[in-house]
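Trainee: So here's input.txt (compact mmCIF, C-alpha atoms and all ligand atoms).
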# COMPACT_ATOMS: atom_id res chain seq x y z
CA MET A 4 0.00 0.00 0.00
CA VAL A 5 1.32 3.48 -0.92
CA VAL A 6 0.40 6.83 0.64
CA LEU A 7 0.68 9.90 -1.60
CA SER A 8 1.56 13.22 -0.06
CA ASN A 9 -1.74 14.96 -0.45
CA PRO A 10 -3.71 16.37 2.47
CA GLY A 11 -6.88 14.44 1.55
CA LEU A 12 -5.11 11.15 1.14
CA ASP A 13 -2.55 11.43 3.92
CA GLN A 14 -5.13 10.83 6.60
CA ILE A 15 -6.59 7.84 4.88
CA SER A 16 -4.30 5.23 3.43
CA LEU A 17 -6.82 3.99 0.95
CA LEU A 18 -4.54 3.45 -2.02
CA ARG A 19 -4.61 -0.05 -3.43
CA SER A 20 -1.84 -1.65 -5.45
CA PRO A 21 -2.61 -2.12 -9.13
CA LYS A 22 -3.12 -5.88 -8.77
CA ALA A 23 -5.03 -7.26 -11.72
CA ILE A 24 -8.46 -8.47 -10.79
CA ALA A 25 -10.27 -10.70 -13.23
CA CYS A 26 -13.38 -9.12 -14.71
CA SER A 27 -15.87 -11.86 -14.14
CA PRO A 28 -17.82 -13.00 -17.14
CA GLY A 29 -19.28 -15.52 -14.73
CA VAL A 30 -21.61 -13.39 -12.55
CA PRO A 31 -24.96 -15.14 -12.99
CA VAL A 32 -27.54 -13.23 -15.00
CA ILE A 33 -31.16 -14.09 -14.31
CA ASP A 34 -33.80 -13.01 -16.79
CA LEU A 35 -36.89 -12.71 -14.60
CA SER A 36 -39.23 -13.35 -17.52
CA LYS A 37 -37.78 -16.82 -18.19
CA PRO A 38 -39.49 -19.96 -16.87
CA ASP A 39 -36.26 -21.22 -15.29
CA ALA A 40 -35.73 -17.99 -13.27
CA ALA A 41 -36.61 -19.60 -9.91
CA ALA A 42 -34.17 -22.50 -10.27
CA SER A 43 -31.41 -20.25 -11.64
CA LEU A 44 -31.83 -17.82 -8.72
CA VAL A 45 -31.32 -20.61 -6.21
CA GLU A 46 -28.24 -21.89 -8.04
CA ALA A 47 -26.75 -18.38 -8.09
CA CYS A 48 -27.43 -17.80 -4.38
CA GLU A 49 -25.79 -21.11 -3.50
CA GLU A 50 -22.70 -20.63 -5.65
CA PHE A 51 -22.15 -16.85 -5.51
CA GLY A 52 -24.65 -15.21 -3.14
CA PHE A 53 -24.78 -12.62 -5.88
CA LEU A 54 -26.50 -12.20 -9.23
CA LYS A 55 -27.73 -9.74 -11.80
CA VAL A 56 -31.40 -9.50 -12.74
CA THR A 57 -32.60 -8.38 -16.15
CA ASP A 58 -36.11 -7.98 -17.58
CA HIS A 59 -37.19 -6.71 -14.16
CA GLY A 60 -39.78 -4.24 -15.43
CA ILE A 61 -38.35 -1.10 -13.77
CA PRO A 62 -37.78 1.64 -16.37
CA VAL A 63 -34.18 2.78 -16.68
CA GLU A 64 -35.54 6.37 -16.79
CA LEU A 65 -36.63 6.02 -13.14
CA MET A 66 -33.14 4.88 -12.14
CA GLN A 67 -31.59 7.73 -14.11
CA ARG A 68 -33.97 10.27 -12.57
CA LEU A 69 -32.94 9.32 -9.06
CA GLU A 70 -29.29 9.14 -10.07
CA ALA A 71 -29.52 12.70 -11.47
CA GLU A 72 -31.07 13.90 -8.18
CA ALA A 73 -28.27 12.21 -6.23
CA VAL A 74 -25.63 13.82 -8.45
CA ARG A 75 -27.31 17.18 -7.89
CA PHE A 76 -27.17 16.69 -4.12
CA PHE A 77 -23.54 15.56 -4.15
CA SER A 78 -22.60 18.62 -6.23
CA LEU A 79 -23.73 20.97 -3.44
CA SER A 80 -21.04 22.67 -1.36
CA PRO A 81 -19.64 20.70 1.63
CA VAL A 82 -21.34 23.15 4.01
CA GLU A 83 -24.74 22.58 2.42
CA LYS A 84 -24.33 18.80 2.41
CA GLU A 85 -23.08 18.70 5.98
CA ARG A 86 -26.33 20.31 7.14
CA SER A 87 -27.82 16.82 6.58
CA GLY A 88 -25.09 15.07 8.60
CA PRO A 89 -23.24 13.59 10.34
CA PRO A 90 -24.96 10.20 10.05
CA ASP A 91 -26.50 8.97 13.29
CA PRO A 92 -26.51 6.40 11.53
CA PHE A 93 -28.82 8.09 8.98
CA GLY A 94 -27.93 11.27 7.13
CA TYR A 95 -25.08 12.59 5.02
CA GLY A 96 -21.67 11.05 5.57
CA ASN A 97 -18.26 11.63 4.10
CA ARG A 98 -15.33 9.15 4.29
CA LYS A 99 -16.38 7.71 7.67
CA ILE A 100 -18.41 4.50 7.36
CA GLY A 101 -20.23 3.41 10.51
CA ALA A 102 -19.06 4.40 13.97
CA ASN A 103 -16.11 2.07 14.48
CA GLY A 104 -13.28 3.57 12.47
CA ASP A 105 -13.95 2.43 8.90
CA ILE A 106 -13.17 4.89 6.14
CA GLY A 107 -13.56 4.91 2.37
CA TRP A 108 -13.17 7.19 -0.62
CA LEU A 109 -16.86 8.10 -0.78
CA GLU A 110 -19.65 10.31 0.42
CA TYR A 111 -23.17 9.04 0.93
CA LEU A 112 -26.75 9.56 2.07
CA LEU A 113 -28.31 6.93 4.33
CA PHE A 114 -32.07 6.77 4.87
CA ALA A 115 -34.11 4.55 7.17
CA VAL A 116 -37.07 3.29 5.14
CA ALA A 117 -40.42 2.38 6.67
CA SER A 118 -42.70 0.40 4.42
CA LYS A 119 -46.30 1.24 5.35
CA PRO A 120 -46.82 4.01 4.59
CA LEU A 121 -43.65 4.24 2.53
CA SER A 122 -41.53 6.90 4.24
CA TYR A 123 -37.88 7.67 4.92
CA THR A 124 -35.65 9.73 7.21
CA PHE A 125 -36.20 13.42 6.77
CA MET A 126 -33.03 15.41 6.07
CA ASP A 127 -32.22 19.05 6.02
CA PHE A 128 -31.79 19.33 2.24
CA LEU A 129 -35.31 17.98 1.72
CA ARG A 130 -36.70 21.24 3.12
CA GLU A 131 -35.70 23.12 -0.05
CA PRO A 132 -38.52 23.47 -2.61
CA ALA A 133 -36.06 22.14 -5.23
CA ALA A 134 -35.91 18.86 -3.31
CA CYS A 135 -39.47 18.03 -4.39
CA SER A 136 -38.19 16.22 -7.49
CA PHE A 137 -35.71 14.29 -5.30
CA SER A 138 -38.52 13.12 -3.00
CA SER A 139 -40.81 12.03 -5.80
CA ALA A 140 -38.04 10.11 -7.63
CA LEU A 141 -36.96 8.48 -4.36
CA LYS A 142 -40.49 7.41 -3.41
CA GLU A 143 -41.20 5.97 -6.84
CA TYR A 144 -37.86 4.17 -6.90
CA LEU A 145 -38.25 2.67 -3.41
CA ALA A 146 -41.77 1.42 -4.19
CA ALA A 147 -40.65 -0.19 -7.46
CA VAL A 148 -37.54 -1.83 -5.99
CA ARG A 149 -39.50 -3.10 -2.99
CA LYS A 150 -41.89 -4.89 -5.37
CA LEU A 151 -38.93 -6.31 -7.26
CA ALA A 152 -37.31 -7.57 -4.03
CA SER A 153 -40.55 -9.27 -3.05
CA LYS A 154 -40.82 -10.96 -6.45
CA VAL A 155 -37.20 -12.16 -6.27
CA LEU A 156 -37.75 -13.62 -2.77
CA GLU A 157 -40.94 -15.39 -3.91
CA LEU A 158 -39.07 -16.88 -6.85
CA MET A 159 -36.35 -18.02 -4.45
CA ALA A 160 -38.96 -19.81 -2.33
CA GLU A 161 -40.34 -21.41 -5.51
CA GLY A 162 -36.85 -22.50 -6.54
CA LEU A 163 -36.29 -23.94 -3.06
CA ASP A 164 -39.64 -25.71 -3.40
CA ILE A 165 -41.01 -24.38 -0.12
CA VAL A 166 -44.46 -23.06 0.77
CA PRO A 167 -46.03 -20.67 1.37
CA ARG A 168 -44.31 -18.82 -1.47
CA ASP A 169 -44.18 -15.63 0.61
CA VAL A 170 -42.34 -17.31 3.50
CA ILE A 171 -39.25 -15.13 2.91
CA SER A 172 -40.77 -12.12 1.15
CA ARG A 173 -43.25 -11.49 3.97
CA LEU A 174 -40.31 -10.62 6.23
CA ILE A 175 -39.38 -7.63 4.14
CA MET A 176 -42.92 -6.67 3.12
CA ALA A 177 -44.20 -6.54 6.73
CA GLU A 178 -45.55 -3.24 7.96
CA ASN A 179 -42.70 -2.80 10.44
CA SER A 180 -39.91 -4.21 8.29
CA ASP A 181 -36.57 -2.48 8.68
CA GLY A 182 -35.29 -1.07 5.40
CA ILE A 183 -32.29 1.13 4.65
CA PHE A 184 -31.58 3.03 1.47
CA ARG A 185 -28.13 4.25 0.57
CA LEU A 186 -26.86 6.59 -2.14
CA ASN A 187 -23.09 6.34 -2.55
CA HIS A 188 -20.86 8.71 -4.49
CA TYR A 189 -17.23 7.73 -5.11
CA PRO A 190 -15.68 10.92 -6.51
CA PRO A 191 -12.76 11.02 -8.92
CA CYS A 192 -9.37 11.60 -7.32
CA PRO A 193 -7.34 13.96 -9.55
CA VAL A 194 -3.97 13.25 -7.84
CA LEU A 195 -4.24 9.67 -9.03
CA ARG A 196 -4.40 10.67 -12.70
CA GLY A 197 -1.62 8.88 -14.54
CA TYR A 198 -1.03 6.33 -11.76
CA ASN A 199 -2.25 2.79 -11.99
CA TYR A 200 -3.77 2.73 -8.51
CA GLY A 201 -7.26 2.29 -7.15
CA LEU A 202 -8.78 3.52 -3.90
CA THR A 203 -10.70 1.62 -1.28
CA GLY A 204 -14.17 3.06 -1.75
CA PHE A 205 -16.04 0.67 0.51
CA GLY A 206 -14.04 -1.99 2.37
CA GLU A 207 -14.88 -5.68 2.18
CA HIS A 208 -17.96 -6.75 4.10
CA THR A 209 -21.18 -8.72 3.93
CA ASP A 210 -24.55 -7.00 4.20
CA PRO A 211 -26.40 -7.95 7.42
CA GLN A 212 -29.95 -7.87 5.97
CA VAL A 213 -31.97 -10.44 3.99
CA ILE A 214 -31.13 -9.12 0.52
CA SER A 215 -29.76 -5.90 -0.93
CA VAL A 216 -30.74 -4.58 -4.35
CA LEU A 217 -28.04 -2.48 -6.00
CA ARG A 218 -27.97 -0.32 -9.08
CA SER A 219 -25.02 1.76 -10.23
CA ASN A 220 -24.13 4.06 -13.07
CA ASN A 221 -21.89 2.72 -15.78
CA SER A 222 -18.75 2.70 -13.63
CA THR A 223 -16.59 -0.17 -12.51
CA GLY A 224 -15.57 -0.72 -8.91
CA LEU A 225 -17.78 -3.36 -7.37
CA GLN A 226 -15.96 -6.62 -6.63
CA ILE A 227 -17.21 -9.84 -5.12
CA SER A 228 -15.38 -12.64 -3.40
CA LEU A 229 -15.86 -16.14 -4.80
CA LYS A 230 -16.07 -19.36 -2.76
CA ASP A 231 -12.32 -19.95 -3.25
CA GLY A 232 -11.54 -16.54 -1.72
CA SER A 233 -10.50 -14.86 -5.01
CA TRP A 234 -11.93 -11.45 -5.96
CA VAL A 235 -13.56 -10.62 -9.29
CA SER A 236 -14.83 -7.35 -10.72
CA VAL A 237 -18.49 -7.05 -11.55
CA PRO A 238 -18.95 -5.52 -15.01
CA PRO A 239 -21.24 -2.48 -14.70
CA ASP A 240 -24.70 -2.43 -16.25
CA GLU A 241 -26.82 0.64 -15.54
CA GLU A 242 -30.03 -0.99 -16.74
CA SER A 243 -29.90 -4.03 -14.43
CA PHE A 244 -30.07 -4.67 -10.72
CA TYR A 245 -27.62 -6.70 -8.67
CA ILE A 246 -28.88 -8.79 -5.76
CA ASN A 247 -26.67 -9.56 -2.75
CA VAL A 248 -27.57 -12.37 -0.38
CA GLY A 249 -27.25 -10.91 3.13
CA ASP A 250 -26.30 -12.58 6.42
CA SER A 251 -29.96 -13.03 7.44
CA LEU A 252 -30.79 -15.00 4.30
CA GLN A 253 -27.74 -17.19 4.86
CA VAL A 254 -29.17 -18.07 8.29
CA LEU A 255 -32.75 -18.52 7.00
CA THR A 256 -31.39 -21.12 4.55
CA ASN A 257 -29.10 -22.67 7.20
CA GLY A 258 -26.02 -21.79 5.19
CA ARG A 259 -27.33 -23.05 1.84
CA PHE A 260 -27.25 -19.52 0.40
CA ARG A 261 -24.00 -17.58 0.77
CA SER A 262 -23.89 -14.09 2.18
CA VAL A 263 -21.52 -12.59 -0.37
CA LYS A 264 -18.37 -10.69 0.63
CA HIS A 265 -18.04 -7.60 -1.55
CA ARG A 266 -16.18 -4.29 -1.71
CA VAL A 267 -15.76 -1.26 -3.92
CA VAL A 268 -12.39 -0.24 -5.32
CA ALA A 269 -12.86 3.23 -6.77
CA SER A 270 -10.88 3.80 -9.95
CA GLY A 271 -9.97 7.36 -9.00
CA TRP A 272 -10.74 8.64 -12.50
CA GLU A 273 -14.45 8.01 -12.94
CA SER A 274 -17.30 9.03 -10.68
CA ARG A 275 -19.30 6.09 -9.33
CA VAL A 276 -22.85 6.54 -8.10
CA SER A 277 -24.62 3.56 -6.59
CA MET A 278 -28.01 3.18 -4.97
CA ILE A 279 -28.68 0.26 -2.68
CA TYR A 280 -31.88 -0.76 -0.94
CA PHE A 281 -31.19 -3.09 2.03
CA PHE A 282 -34.18 -5.20 3.05
CA GLY A 283 -34.32 -6.11 6.73
CA PRO A 284 -37.13 -7.86 8.64
CA PRO A 285 -39.05 -6.35 11.60
CA LEU A 286 -36.82 -5.84 14.65
CA ALA A 287 -38.59 -8.50 16.72
CA GLU A 288 -38.39 -11.16 13.98
CA LYS A 289 -36.51 -14.35 14.92
CA ILE A 290 -33.80 -15.15 12.41
CA ALA A 291 -33.47 -18.94 12.26
CA PRO A 292 -33.41 -21.58 9.52
CA LEU A 293 -36.81 -22.04 7.86
CA PRO A 294 -38.30 -25.33 9.12
CA GLN A 295 -39.44 -26.07 5.55
CA LEU A 296 -35.79 -26.26 4.51
CA MET A 297 -34.47 -28.45 7.29
CA GLY A 298 -33.78 -32.04 6.38
CA GLU A 299 -34.41 -34.86 8.82
CA GLY A 300 -31.97 -34.61 11.73
CA GLU A 301 -30.51 -31.37 10.35
CA HIS A 302 -29.30 -28.96 13.02
CA SER A 303 -29.30 -25.22 12.84
CA LEU A 304 -25.78 -23.89 12.35
CA TYR A 305 -26.69 -20.78 14.34
CA ASN A 306 -27.91 -19.87 17.79
CA GLU A 307 -31.30 -18.19 17.54
CA PHE A 308 -31.39 -14.40 17.52
CA THR A 309 -33.73 -11.59 16.61
CA TRP A 310 -32.99 -9.08 13.88
CA ASP A 311 -32.74 -6.43 16.59
CA GLU A 312 -30.00 -8.43 18.35
CA TYR A 313 -28.13 -9.02 15.12
CA LYS A 314 -28.35 -5.41 14.06
CA LYS A 315 -27.06 -4.19 17.42
CA ALA A 316 -24.10 -6.58 17.17
CA ALA A 317 -23.48 -5.52 13.56
CA TYR A 318 -23.36 -1.85 14.44
CA LYS A 319 -20.68 -2.57 17.05
CA SER A 320 -18.50 -4.27 14.44
CA ARG A 321 -16.04 -3.12 11.78
CA LEU A 322 -16.86 -3.70 8.10
CA VAL A 323 -14.47 -6.62 7.66
CA ASP A 324 -15.60 -8.49 10.80
CA ASN A 325 -17.33 -11.84 10.49
CA ARG A 326 -20.57 -10.76 12.19
CA LEU A 327 -22.31 -14.11 11.77
CA GLY A 328 -19.41 -15.79 13.55
CA LEU A 329 -20.78 -14.38 16.82
CA PHE A 330 -23.93 -16.46 16.36
CA GLU A 331 -22.51 -19.69 14.93
CA LYS A 332 -22.94 -22.83 17.03
CA ARG A 333 -19.54 -24.03 18.09
CA ASP A 334 -20.47 -27.38 19.60
CA LEU A 335 -21.83 -29.20 16.52
CA THR A 336 -20.16 -32.41 15.39
CA ASP A 337 -19.25 -32.82 11.71
CA ASP A 338 -22.28 -35.10 11.25
CA GLN A 339 -24.60 -32.48 12.69
CA ARG A 340 -23.22 -29.87 10.32
CA LEU A 341 -24.39 -31.77 7.23
C1 LIG B 401 -19.00 -0.36 9.83
C2 LIG B 401 -20.31 -0.43 9.73
C3 LIG B 401 -21.11 0.29 8.68
C4 LIG B 401 -22.39 -0.50 8.68
C5 LIG B 401 -22.57 -0.70 10.18
C6 LIG B 401 -21.21 -1.27 10.55
O1 LIG B 401 -20.93 -1.17 11.93
C7 LIG B 401 -21.15 -2.74 10.08
C8 LIG B 401 -22.14 -3.01 8.94
C9 LIG B 401 -22.17 -1.85 7.93
C10 LIG B 401 -23.31 -1.95 6.91
C11 LIG B 401 -22.92 -2.66 5.59
C12 LIG B 401 -24.15 -2.72 4.69
C13 LIG B 401 -24.89 -1.38 4.61
O2 LIG B 401 -24.13 -0.48 3.82
C14 LIG B 401 -25.08 -0.77 6.03
C15 LIG B 401 -25.99 0.46 5.97
C16 LIG B 401 -25.58 -1.82 6.96
O3 LIG B 401 -26.72 -2.07 7.28
O4 LIG B 401 -24.51 -2.52 7.49
C17 LIG B 401 -23.70 -0.53 6.63
C18 LIG B 401 -23.62 0.14 8.02
C19 LIG B 401 -23.50 1.67 7.91
O5 LIG B 401 -22.90 2.18 6.96
O6 LIG B 401 -23.99 2.33 8.85
O1 LIG B 402 -21.50 1.22 -3.70
C1 LIG B 402 -21.54 0.05 -4.03
O2 LIG B 402 -21.53 -0.34 -5.19
C2 LIG B 402 -21.65 -1.02 -2.94
C3 LIG B 402 -21.72 -0.43 -1.56
C4 LIG B 402 -22.05 -1.43 -0.52
O3 LIG B 402 -21.67 -2.57 -0.60
C5 LIG B 402 -22.85 -1.02 0.63
O4 LIG B 402 -23.23 0.18 0.68
O5 LIG B 402 -23.15 -1.87 1.49
FE FE B 403 -22.63 -3.85 0.89
Can you give me the file's structure in the form of structure tokens?
Ligand SMILES: C=C1C[C@]23C[C@@]1(O)CC[C@H]2[C@@]12CC[C@H](O)[C@@](C)(C(=O)O1)[C@H]2[C@@H]3C(=O)O
Ligand SMILES: O=C(O)CCC(=O)C(=O)O
Ligand SMILES: [Fe+2]
Mentor:
Amino acid sequence: MVVLSNPGLDQISLLRSPKAIACSPGVPVIDLSKPDAAASLVEACEEFGFLKVTDHGIPVELMQRLEAEAVRFFSLSPVEKERSGPPDPFGYGNRKIGANGDIGWLEYLLFAVASKPLSYTFMDFLREPAACSFSSALKEYLAAVRKLASKVLELMAEGLDIVPRDVISRLIMAENSDGIFRLNHYPPCPVLRGYNYGLTGFGEHTDPQVISVLRSNNSTGLQISLKDGSWVSVPPDEESFYINVGDSLQVLTNGRFRSVKHRVVASGWESRVSMIYFFGPPLAEKIAPLPQLMGEGEHSLYNEFTWDEYKKAAYKSRLVDNRLGLFEKRDLTDDQRL
């Protein structure tokens, strides 16, 4: 790792060596209109914990509208943006991620999202009359992506051959489900021009929720970790959505689905804007393997916990920490783990 002598970068040693990372042609692509979508989703969640969905029915214009509003917000002066921060954990944040010392080359807006009625954290910038177009794009986007998430989770249940079909989706569609929406901006870094270095935008981590639905502009940067521990770049596609399996879905499937480790390495020369909707269950919901999925004599790999307990533990951890490790059963024999 190298640290350039620049005031912005001195404090944060985020430079990454120019190690070649394979650009994965292998990220599964699921066309939601195809009859084999349910089975392919399950296969992708088992192998990668990550996939791209196409033919999802959400107009690209809606994504671009919200992206344009985000770009407009991030172009405001630091003083104006900071009126909506610091994040507590919701609000405008810059460089600091979470409360435990993580940093990245990004700025962001984090909203808590309540589902019924659909509403989100109010922030200072939303007071301006000009923010009306931001609010309407955000509301429309959240409603559309929520429907998509529910459809994806129903297809997963179908692919797993479990009933009722809404056994997973109901967790995120419940009135008091616990959603988070995040707009990330990874700005260019002019001092890097001409160097073959990247910057840690968002350090490696898994998402704690059930699933996350991500859309980005046409910029590279997102990388996922494969089962063998290698990292691959995810080719950008501004018209599609990417689905991450989160820790909670790994537990609900007793480890059959993989909560995917991912990170963002910002190129330093292009501006990346991503929007991610994290779908969490109600706080009081017990997170445990679905009985419908447990084979005869199969043991849960995890001690039982509620989403509230998991979230509290997650917010005490650093990005890279293995949060699920805190809840794994340690006393199972090899036979019981099968
Ligand atoms: C370092 C942290 C940031 C995070 C809370 C945490 O303590 C550990 C989990 C992090 C994460 C990752 C996925 C989402 O971006 C996020 C909003 C979440 O729910 O868990 C972030 C948290 C955050 O940025 O506040
Ligand atoms: O910005 C991205 O593309 C991914 C960010 C991410 O993983 C997160 O916010 O949890
Ligand atoms: Fe993430």
Trainee: Take atom C6 of ligand LIG 401 (chain B) and atom CA of Leu322 of chain A and report the distance between them in Å, one decimal.
Mentor: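 The value is 5.6 Å.
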Trainee: Report as JSON lines: every residue of chain A with an atom at most 7 Å from ligand LIG 402 (chain B), its closest pair of atoms, and their distance in Å to one decimal, counting only C-alpha atoms and all ligand atoms, with rows sorted by chain and ascending residue number.
Mentor:
{"residue": "A:Arg185", "atom": "CA", "partner": "B:LIG402", "partner_atom": "O4", "distance": 6.4}
{"residue": "A:Asn187", "atom": "CA", "partner": "B:LIG402", "partner_atom": "O1", "distance": 5.5}
{"residue": "A:Phe205", "atom": "CA", "partner": "B:LIG402", "partner_atom": "C3", "distance": 6.1}
{"residue": "A:Asp210", "atom": "CA", "partner": "B:LIG402", "partner_atom": "O5", "distance": 6.0}
{"residue": "A:Leu217", "atom": "CA", "partner": "B:LIG402", "partner_atom": "O2", "distance": 6.9}
{"residue": "A:Ser219", "atom": "CA", "partner": "B:LIG402", "partner_atom": "O2", "distance": 6.5}
{"residue": "A:Leu225", "atom": "CA", "partner": "B:LIG402", "partner_atom": "O2", "distance": 5.3}
{"residue": "A:His265", "atom": "CA", "partner": "B:LIG402", "partner_atom": "O3", "distance": 6.3}
{"residue": "A:Arg266", "atom": "CA", "partner": "B:LIG402", "partner_atom": "O3", "distance": 5.9}
{"residue": "A:Val267", "atom": "CA", "partner": "B:LIG402", "partner_atom": "C1", "distance": 5.9}
{"residue": "A:Ser277", "atom": "CA", "partner": "B:LIG402", "partner_atom": "O1", "distance": 4.9}
{"residue": "A:Met278", "atom": "CA", "partner": "B:LIG402", "partner_atom": "O1", "distance": 6.9}
{"residue": "A:Ile279", "atom": "CA", "partner": "B:LIG402", "partner_atom": "O4", "distance": 6.4}
Trainee: Okay, now the selection with C-alpha atoms, as a PDB file, keeping the file's coordinate frame?
Mentor:
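The result, stored in part30.pdb:
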ATOM      1  CA  ARG A 185     -28.130   4.250   0.570  1.00  0.00           C
ATOM      2  CA  ASN A 187     -23.090   6.340  -2.550  1.00  0.00           C
ATOM      3  CA  PHE A 205     -16.040   0.670   0.510  1.00  0.00           C
ATOM      4  CA  ASP A 210     -24.550  -7.000   4.200  1.00  0.00           C
ATOM      5  CA  LEU A 217     -28.040  -2.480  -6.000  1.00  0.00           C
ATOM      6  CA  SER A 219     -25.020   1.760 -10.230  1.00  0.00           C
ATOM      7  CA  LEU A 225     -17.780  -3.360  -7.370  1.00  0.00           C
ATOM      8  CA  HIS A 265     -18.040  -7.600  -1.550  1.00  0.00           C
ATOM      9  CA  ARG A 266     -16.180  -4.290  -1.710  1.00  0.00           C
ATOM     10  CA  VAL A 267     -15.760  -1.260  -3.920  1.00  0.00           C
ATOM     11  CA  SER A 277     -24.620   3.560  -6.590  1.00  0.00           C
ATOM     12  CA  MET A 278     -28.010   3.180  -4.970  1.00  0.00           C
ATOM     13  CA  ILE A 279     -28.680   0.260  -2.680  1.00  0.00           C
TER      14      ILE A 279
END
Trainee: Could you pull out every residue with an atom within 12 Å of (-36.8, 17.0, 6.6), file coordinates, counting all atoms listed in the file, and send them as a PDB file with C-alpha atoms, in the frame of the given file?
Mentor:
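Produced file selection.pdb, reproduced below:
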ATOM      1  CA  ARG A  86     -26.330  20.310   7.140  1.00  0.00           C
ATOM      2  CA  SER A  87     -27.820  16.820   6.580  1.00  0.00           C
ATOM      3  CA  GLY A  94     -27.930  11.270   7.130  1.00  0.00           C
ATOM      4  CA  PHE A 114     -32.070   6.770   4.870  1.00  0.00           C
ATOM      5  CA  SER A 122     -41.530   6.900   4.240  1.00  0.00           C
ATOM      6  CA  TYR A 123     -37.880   7.670   4.920  1.00  0.00           C
ATOM      7  CA  THR A 124     -35.650   9.730   7.210  1.00  0.00           C
ATOM      8  CA  PHE A 125     -36.200  13.420   6.770  1.00  0.00           C
ATOM      9  CA  MET A 126     -33.030  15.410   6.070  1.00  0.00           C
ATOM     10  CA  ASP A 127     -32.220  19.050   6.020  1.00  0.00           C
ATOM     11  CA  PHE A 128     -31.790  19.330   2.240  1.00  0.00           C
ATOM     12  CA  LEU A 129     -35.310  17.980   1.720  1.00  0.00           C
ATOM     13  CA  ARG A 130     -36.700  21.240   3.120  1.00  0.00           C
ATOM     14  CA  GLU A 131     -35.700  23.120  -0.050  1.00  0.00           C
ATOM     15  CA  PRO A 132     -38.520  23.470  -2.610  1.00  0.00           C
ATOM     16  CA  ALA A 134     -35.910  18.860  -3.310  1.00  0.00           C
ATOM     17  CA  CYS A 135     -39.470  18.030  -4.390  1.00  0.00           C
ATOM     18  CA  SER A 138     -38.520  13.120  -3.000  1.00  0.00           C
TER      19      SER A 138
END
Trainee: Please identify every polymer residue within 12 Å of ligand FE 403 (chain B), using all atoms listed in the file, and present the set as a VMD selection string.
Mentor: chain A and resid 53 100 183 to 187 204 to 218 225 to 227 245 to 250 262 to 267 277 to 282 322 to 323
Trainee: Which one of A:Thr336, A:Ser251, A:Ser243, A:Asn257 sits closest to ligand LIG 401 (chain B) if you count only C-alpha atoms and all ligand atoms?
Mentor: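 For ligand LIG 401 (chain B), the nearest of the given residues is A:Ser251.
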Trainee: Distance atom C15 of ligand LIG 401 (chain B)-atom CA of Leu327 of chain A, one decimal place?
Mentor: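 So the two atoms, atom C15 of ligand LIG 401 (chain B) and atom CA of Leu327 of chain A, lie 16.1 Å apart.
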Trainee: Using only C-alpha atoms and all ligand atoms, pick whichever of A:Ala146, A:Ala316, A:Leu229, A:Val45 has the shortest atom-to-atom distance to ligand LIG 401 (chain B).
Mentor: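 When distances to ligand LIG 401 (chain B) are compared using only C-alpha atoms and all ligand atoms, the smallest one comes from A:Ala316.
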Trainee: Could the centre and edge lengths of an axis-aligned box, enclosing all atoms of ligand LIG 401 (chain B) in the file with 3 Å extra on each side, be given in Å to one decimal as JSON?
Mentor:
{"center_x": -22.9, "center_y": -0.3, "center_z": 7.9, "size_x": 13.7, "size_y": 11.3, "size_z": 14.1}
Trainee: For the point (-17.5, -3.4, -10.0) in file coordinates, what residues are within 8 Å, counting all atoms listed in the file? Give the answer as a list in words?
Mentor: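 The distance filter leaves exactly Ser222, Thr223, Gly224, Leu225, Gln226, Ser236, Val237, Pro238, Pro239, Val267 and Val268 of chain A.
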Trainee: Just the number, please: distance in Å from atom CA of Gln295 of chain A to atom CA of Cys48 of chain A, one decimal.
Mentor: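 So the two atoms, atom CA of Gln295 of chain A and atom CA of Cys48 of chain A, lie 17.6 Å apart.
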Trainee: Measuring between all atoms listed in the file, which one of A:Val82, A:Ile33, A:Ile24, A:Leu202 shows the shortest distance to Ser228 of chain A?
Mentor: A:Ile24
Trainee: Within 9 Å of Ala73 of chain A, counting all atoms listed in the file, which residues show up once you throw out same-chain ones fewer than 4 positions away? Write them as a PyMOL selection string, please.
Mentor: chain A and resi 68-69+77-78+112+137+186-188+276
Trainee: Pick the closest to ligand LIG 401 (chain B) from A:Leu195, A:Ala317, A:Leu109, A:Val63: which is it, counting all atoms listed in the file?
Mentor: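 With all atoms listed in the file as the atom set, the closest residue is A:Ala317.
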Trainee: Taking all atoms listed in the file into account, name the residue in A:Ala117, A:Leu44, A:Ala102, A:Ile165 that is nearest to ligand LIG 401 (chain B).
Mentor: A:Ala102
Trainee: Nearest to ligand LIG 401 (chain B) among A:Leu252, A:Leu286, A:Val148, A:Ile106, with distances taken over all atoms listed in the file: which residue is it?
Mentor: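 That would be A:Ile106, the residue with the smallest distance to ligand LIG 401 (chain B).
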Trainee: For Val32 of chain A, list every protein, DNA or RNA residue within 6 Å, evaluated using all atoms listed in the file, and leave out those in the same chain fewer than 3 positions away; present the list as a PDB file with C-alpha atoms, in the coordinates of the input.
Mentor:
ATOM      1  CA  LEU A  54     -26.500 -12.200  -9.230  1.00  0.00           C
ATOM      2  CA  LYS A  55     -27.730  -9.740 -11.800  1.00  0.00           C
ATOM      3  CA  VAL A  56     -31.400  -9.500 -12.740  1.00  0.00           C
TER       4      VAL A  56
END
Trainee: I want to know what sits within 9 Å of Tyr144 of chain A, based on only C-alpha atoms, with residues of the same chain fewer than 6 positions away left out; could you give that as JSON, numbers by chain?
Mentor: {"A": [61, 65, 66, 69]}
